[in-house]
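Asker: After the structure tokens below, expect a handful of questions from me.
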Amino acid sequence: MKFFLDTAMVDEIKTANDWGILDGVTTNPSLVYKSARPFKEVVKEIASIVNGPVSAEVTTLTAPEMVKQGLELSKIADNIFVKLPTTTEGVKACKALSAKKIPINATLIFSASQALIMAKAGASFVSPFIGRLDDVSEDGMQLIRDIRQIYDNYDIQTEILTASVRHPMHVVEAAKIGSDIATMPFKVMEQLFHHPLTDIGLDKFMADFKKSKA
Ligand code: G3P
């Protein structure tokens, strides 16, 4: 499973990149706003750090505008994936941009039918928002299972990018189902490493090593 960071904070991206386990980055307008930096400037810097896909989202609502903006975004760097909303206009823009070999991340996916449609329109990634489904008492992880089953039924190559991840078990459950990618906040990526028994065990090994004869 590929690990993406869901952030526009460059310091977090550099840290995870140094760990050697970062496969890509997803941003959205809210995350860029949080970074308090100009959109294109921050996306360009992120794309220069990460050796993998960096998603940059359109902020327009009609297909012609999305196509125009998507083409501009794709010029920022070779590893830019254009994030399009899963709407009727987004479907049209997805078809048009995919035909021009611009890789698309279809975002704001909340149903299996949306994932099926965006794959048909040529999306490279679909982003089901599992945490936001859990927030409204729906089973976000069931959506990942449903999309996996449908894509496997038809050998669809579009990758499932599990998004709106809130805790490490979301990542583990998505991996068990066979999600291709999980994008997560920096805090969740850090949490993946930690186990209290590892810390206790390491303390004991270090203490015993100090007591042992050289
Ligand atoms: O980047 C899209 C998605 O991961 C957003 O997550 O936590 O705002 O629902 P969240």
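Chain labels follow the order of the structure tokens: the first chain is A, the next B, and so on; residue numbering restarts at 1 in every chain, and ligands are counted from 1 in their shown order.
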At a cut-off of 7 Å around ligand 1, and using only C-alpha atoms and all ligand atoms, what residues come up? Please write them as a PDB file with all heavy atoms, in the first residue's frame.
Answerer:
```
ATOM      1  N   ASP A   6      -1.629  13.879   3.648  1.00  0.00           N
ATOM      2  CA  ASP A   6      -2.742  14.760   3.302  1.00  0.00           C
ATOM      3  C   ASP A   6      -2.482  16.096   4.000  1.00  0.00           C
ATOM      4  O   ASP A   6      -2.989  16.342   5.100  1.00  0.00           O
ATOM      5  CB  ASP A   6      -4.028  14.102   3.819  1.00  0.00           C
ATOM      6  CG  ASP A   6      -5.288  14.675   3.196  1.00  0.00           C
ATOM      7  OD1 ASP A   6      -5.219  15.187   2.064  1.00  0.00           O
ATOM      8  OD2 ASP A   6      -6.353  14.583   3.843  1.00  0.00           O
ATOM      9  N   THR A  26      -1.388  14.600  -1.006  1.00  0.00           N
ATOM     10  CA  THR A  26      -2.650  15.176  -1.487  1.00  0.00           C
ATOM     11  C   THR A  26      -2.853  16.509  -0.783  1.00  0.00           C
ATOM     12  O   THR A  26      -2.581  16.636   0.410  1.00  0.00           O
ATOM     13  CB  THR A  26      -3.845  14.242  -1.189  1.00  0.00           C
ATOM     14  OG1 THR A  26      -3.804  13.842   0.185  1.00  0.00           O
ATOM     15  CG2 THR A  26      -3.831  13.011  -2.071  1.00  0.00           C
ATOM     16  N   THR A  27      -3.303  17.483  -1.552  1.00  0.00           N
ATOM     17  CA  THR A  27      -3.682  18.766  -0.949  1.00  0.00           C
ATOM     18  C   THR A  27      -5.135  19.035  -1.342  1.00  0.00           C
ATOM     19  O   THR A  27      -5.682  18.374  -2.229  1.00  0.00           O
ATOM     20  CB  THR A  27      -2.809  19.938  -1.464  1.00  0.00           C
ATOM     21  OG1 THR A  27      -3.100  20.191  -2.843  1.00  0.00           O
ATOM     22  CG2 THR A  27      -1.321  19.640  -1.303  1.00  0.00           C
ATOM     23  N   ASN A  28      -5.726  19.973  -0.662  1.00  0.00           N
ATOM     24  CA  ASN A  28      -7.042  20.479  -1.074  1.00  0.00           C
ATOM     25  C   ASN A  28      -7.077  21.958  -0.692  1.00  0.00           C
ATOM     26  O   ASN A  28      -6.173  22.440   0.011  1.00  0.00           O
ATOM     27  CB  ASN A  28      -8.186  19.643  -0.468  1.00  0.00           C
ATOM     28  CG  ASN A  28      -8.245  19.704   1.054  1.00  0.00           C
ATOM     29  OD1 ASN A  28      -7.994  20.744   1.652  1.00  0.00           O
ATOM     30  ND2 ASN A  28      -8.575  18.581   1.679  1.00  0.00           N
ATOM     31  N   PHE A 129     -13.950   9.501   0.852  1.00  0.00           N
ATOM     32  CA  PHE A 129     -13.713  10.206   2.126  1.00  0.00           C
ATOM     33  C   PHE A 129     -14.332   9.404   3.273  1.00  0.00           C
ATOM     34  O   PHE A 129     -15.475   9.659   3.671  1.00  0.00           O
ATOM     35  CB  PHE A 129     -14.335  11.601   2.080  1.00  0.00           C
ATOM     36  CG  PHE A 129     -13.527  12.655   1.372  1.00  0.00           C
ATOM     37  CD1 PHE A 129     -12.600  12.339   0.408  1.00  0.00           C
ATOM     38  CD2 PHE A 129     -13.709  14.002   1.689  1.00  0.00           C
ATOM     39  CE1 PHE A 129     -11.857  13.326  -0.244  1.00  0.00           C
ATOM     40  CE2 PHE A 129     -12.981  14.997   1.060  1.00  0.00           C
ATOM     41  CZ  PHE A 129     -12.048  14.664   0.087  1.00  0.00           C
ATOM     42  N   GLY A 131     -13.617   9.098   6.600  1.00  0.00           N
ATOM     43  CA  GLY A 131     -13.848   9.740   7.904  1.00  0.00           C
ATOM     44  C   GLY A 131     -15.111  10.582   7.897  1.00  0.00           C
ATOM     45  O   GLY A 131     -15.875  10.589   8.873  1.00  0.00           O
ATOM     46  N   ARG A 132     -15.346  11.275   6.789  1.00  0.00           N
ATOM     47  CA  ARG A 132     -16.545  12.126   6.727  1.00  0.00           C
ATOM     48  C   ARG A 132     -17.817  11.282   6.682  1.00  0.00           C
ATOM     49  O   ARG A 132     -18.870  11.705   7.145  1.00  0.00           O
ATOM     50  CB  ARG A 132     -16.473  13.077   5.532  1.00  0.00           C
ATOM     51  CG  ARG A 132     -15.389  14.126   5.705  1.00  0.00           C
ATOM     52  CD  ARG A 132     -15.472  15.243   4.705  1.00  0.00           C
ATOM     53  NE  ARG A 132     -14.239  16.013   4.713  1.00  0.00           N
ATOM     54  CZ  ARG A 132     -14.020  17.091   3.985  1.00  0.00           C
ATOM     55  NH1 ARG A 132     -14.957  17.531   3.163  1.00  0.00           N
ATOM     56  NH2 ARG A 132     -12.862  17.718   4.057  1.00  0.00           N
ATOM     57  N   ALA A 163      -9.178   8.285   1.628  1.00  0.00           N
ATOM     58  CA  ALA A 163      -8.942   9.648   2.122  1.00  0.00           C
ATOM     59  C   ALA A 163      -9.848   9.939   3.315  1.00  0.00           C
ATOM     60  O   ALA A 163     -10.708   9.128   3.661  1.00  0.00           O
ATOM     61  CB  ALA A 163      -9.199  10.649   1.004  1.00  0.00           C
ATOM     62  N   SER A 164      -9.600  11.108   3.923  1.00  0.00           N
ATOM     63  CA  SER A 164     -10.326  11.493   5.141  1.00  0.00           C
ATOM     64  C   SER A 164     -10.063  10.450   6.228  1.00  0.00           C
ATOM     65  O   SER A 164     -10.977  10.002   6.916  1.00  0.00           O
ATOM     66  CB  SER A 164     -11.827  11.642   4.838  1.00  0.00           C
ATOM     67  OG  SER A 164     -12.509  12.208   5.921  1.00  0.00           O
ATOM     68  N   VAL A 165      -8.790  10.101   6.335  1.00  0.00           N
ATOM     69  CA  VAL A 165      -8.325   9.115   7.317  1.00  0.00           C
ATOM     70  C   VAL A 165      -8.131   9.826   8.653  1.00  0.00           C
ATOM     71  O   VAL A 165      -7.553  10.905   8.699  1.00  0.00           O
ATOM     72  CB  VAL A 165      -7.001   8.488   6.797  1.00  0.00           C
ATOM     73  CG1 VAL A 165      -6.216   7.826   7.908  1.00  0.00           C
ATOM     74  CG2 VAL A 165      -7.296   7.509   5.659  1.00  0.00           C
ATOM     75  N   ARG A 166      -8.612   9.223   9.722  1.00  0.00           N
ATOM     76  CA  ARG A 166      -8.588   9.909  11.023  1.00  0.00           C
ATOM     77  C   ARG A 166      -7.693   9.229  12.050  1.00  0.00           C
ATOM     78  O   ARG A 166      -7.349   9.829  13.059  1.00  0.00           O
ATOM     79  CB  ARG A 166     -10.010   9.997  11.587  1.00  0.00           C
ATOM     80  CG  ARG A 166     -11.000  10.726  10.692  1.00  0.00           C
ATOM     81  CD  ARG A 166     -10.826  12.232  10.794  1.00  0.00           C
ATOM     82  NE  ARG A 166     -11.427  12.933   9.675  1.00  0.00           N
ATOM     83  CZ  ARG A 166     -12.729  13.176   9.523  1.00  0.00           C
ATOM     84  NH1 ARG A 166     -13.564  12.765  10.432  1.00  0.00           N
ATOM     85  NH2 ARG A 166     -13.165  13.831   8.465  1.00  0.00           N
ATOM     86  N   THR A 183      -4.178   8.208   2.111  1.00  0.00           N
ATOM     87  CA  THR A 183      -3.613   9.529   2.384  1.00  0.00           C
ATOM     88  C   THR A 183      -4.035   9.927   3.786  1.00  0.00           C
ATOM     89  O   THR A 183      -5.198   9.715   4.169  1.00  0.00           O
ATOM     90  CB  THR A 183      -4.022  10.579   1.333  1.00  0.00           C
ATOM     91  OG1 THR A 183      -3.225  11.752   1.558  1.00  0.00           O
ATOM     92  CG2 THR A 183      -5.500  10.953   1.376  1.00  0.00           C
ATOM     93  N   MET A 184      -3.091  10.452   4.545  1.00  0.00           N
ATOM     94  CA  MET A 184      -3.367  10.659   5.979  1.00  0.00           C
ATOM     95  C   MET A 184      -2.696  11.925   6.485  1.00  0.00           C
ATOM     96  O   MET A 184      -1.674  12.356   5.933  1.00  0.00           O
ATOM     97  CB  MET A 184      -2.864   9.448   6.772  1.00  0.00           C
ATOM     98  CG  MET A 184      -1.361   9.253   6.720  1.00  0.00           C
ATOM     99  SD  MET A 184      -0.833   7.572   7.108  1.00  0.00           S
ATOM    100  CE  MET A 184      -0.975   6.748   5.515  1.00  0.00           C
TER     101      MET A 184
END
```
Asker: Do a neighbour search on segment 47-49 of chain A at 12 Å with only C-alpha atoms, toss out local chain neighbours closer than 5 positions, and write the hits as a compact mmCIF listing (two decimals) with N, CA and C atoms, in the first residue's frame.
Answerer:
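As a result, around04.txt now contains:
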```txt
# COMPACT_ATOMS: atom_id res chain seq x y z
N ALA A 8 -0.56 20.38 3.34
CA ALA A 8 0.21 21.33 2.52
C ALA A 8 1.32 21.94 3.36
N MET A 9 1.62 21.31 4.51
CA MET A 9 2.68 21.82 5.38
C MET A 9 4.02 21.21 4.94
N VAL A 10 4.89 22.06 4.42
CA VAL A 10 6.14 21.58 3.83
C VAL A 10 7.05 20.91 4.86
N ASP A 11 7.05 21.42 6.09
CA ASP A 11 7.93 20.79 7.11
C ASP A 11 7.49 19.35 7.38
N GLU A 12 6.18 19.10 7.41
CA GLU A 12 5.69 17.73 7.64
C GLU A 12 6.09 16.82 6.46
N ILE A 13 5.98 17.36 5.27
CA ILE A 13 6.30 16.57 4.07
C ILE A 13 7.79 16.23 4.04
N LYS A 14 8.62 17.20 4.42
CA LYS A 14 10.07 16.94 4.45
C LYS A 14 10.41 15.87 5.48
N THR A 15 9.76 15.93 6.64
CA THR A 15 10.04 14.95 7.70
C THR A 15 9.66 13.54 7.23
N ALA A 16 8.45 13.39 6.69
CA ALA A 16 8.00 12.06 6.25
C ALA A 16 8.84 11.57 5.07
N ASN A 17 9.25 12.49 4.23
CA ASN A 17 10.09 12.13 3.09
C ASN A 17 11.44 11.59 3.58
N ASP A 18 11.96 12.21 4.65
CA ASP A 18 13.23 11.74 5.23
C ASP A 18 13.09 10.35 5.84
N LEU A 22 7.43 7.93 2.13
CA LEU A 22 6.39 8.80 1.56
C LEU A 22 6.28 8.57 0.05
N ASP A 23 5.08 8.20 -0.39
CA ASP A 23 4.87 7.90 -1.81
C ASP A 23 4.18 9.02 -2.57
N GLY A 24 3.62 9.99 -1.86
CA GLY A 24 2.91 11.07 -2.55
C GLY A 24 2.25 12.00 -1.55
N VAL A 25 1.63 13.04 -2.07
CA VAL A 25 0.96 14.04 -1.22
C VAL A 25 -0.38 14.41 -1.86
N THR A 26 -1.39 14.60 -1.01
CA THR A 26 -2.65 15.18 -1.49
C THR A 26 -2.85 16.51 -0.78
N THR A 27 -3.30 17.48 -1.55
CA THR A 27 -3.68 18.77 -0.95
C THR A 27 -5.14 19.04 -1.34
N LYS A 40 -0.03 28.30 -5.70
CA LYS A 40 0.91 27.72 -6.68
C LYS A 40 2.31 27.57 -6.10
N GLU A 41 2.70 28.54 -5.28
CA GLU A 41 4.04 28.51 -4.68
C GLU A 41 4.21 27.26 -3.81
N VAL A 42 3.20 26.99 -2.96
CA VAL A 42 3.34 25.85 -2.04
C VAL A 42 3.24 24.52 -2.79
N VAL A 54 1.54 14.39 -6.61
CA VAL A 54 1.12 15.49 -5.74
C VAL A 54 -0.20 16.02 -6.30
N SER A 55 -1.27 15.88 -5.52
CA SER A 55 -2.59 16.30 -6.00
C SER A 55 -2.82 17.78 -5.72
N ALA A 56 -3.28 18.48 -6.76
CA ALA A 56 -3.64 19.90 -6.64
C ALA A 56 -5.06 20.04 -7.17
N LEU A 73 -2.63 23.83 -13.79
CA LEU A 73 -2.05 23.15 -12.63
C LEU A 73 -1.03 22.10 -13.06
N SER A 74 -1.35 21.39 -14.13
CA SER A 74 -0.45 20.31 -14.57
C SER A 74 0.90 20.84 -15.05
N LYS A 75 0.93 22.13 -15.37
CA LYS A 75 2.21 22.72 -15.82
C LYS A 75 3.14 23.05 -14.63
N ILE A 76 2.61 23.03 -13.42
CA ILE A 76 3.44 23.38 -12.25
C ILE A 76 4.61 22.41 -12.12
N ALA A 77 4.35 21.11 -12.34
CA ALA A 77 5.41 20.08 -12.25
C ALA A 77 4.91 18.81 -12.92
N ASP A 78 5.86 17.93 -13.25
CA ASP A 78 5.51 16.68 -13.95
C ASP A 78 4.70 15.72 -13.09
N ASN A 79 4.85 15.85 -11.75
CA ASN A 79 4.17 14.89 -10.87
C ASN A 79 2.83 15.40 -10.31
N ILE A 80 2.28 16.44 -10.94
CA ILE A 80 0.98 16.96 -10.48
C ILE A 80 -0.16 16.07 -10.98
N PHE A 81 -1.04 15.68 -10.06
CA PHE A 81 -2.30 15.03 -10.39
C PHE A 81 -3.39 16.06 -10.13
```
Asker: Would you please work out which residue, of A:Lys120, A:Leu133, A:Lys92, A:Gly70, is nearest to Tyr154 of chain A when using only C-alpha atoms?
Answerer: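 Answer, going by the shortest atom-to-atom distance: A:Lys120.
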Asker: Residues at most 12 Å from Asp155 of chain A, counting only C-alpha atoms, excluding those fewer than 4 positions away in the same chain, as JSON, numbers by chain?
Answerer: {"A": [116, 119, 120, 147, 148, 149, 150, 151, 159]}
Asker: Using DSSP secondary structure from the backbone, list all alpha helix (DSSP H) positions within chain A, as a ChimeraX atom specification.
Answerer: /A:10-19,29-35,39-49,63-74,88-99,112-120,130-135,140-153,168-177,186-193,196-211
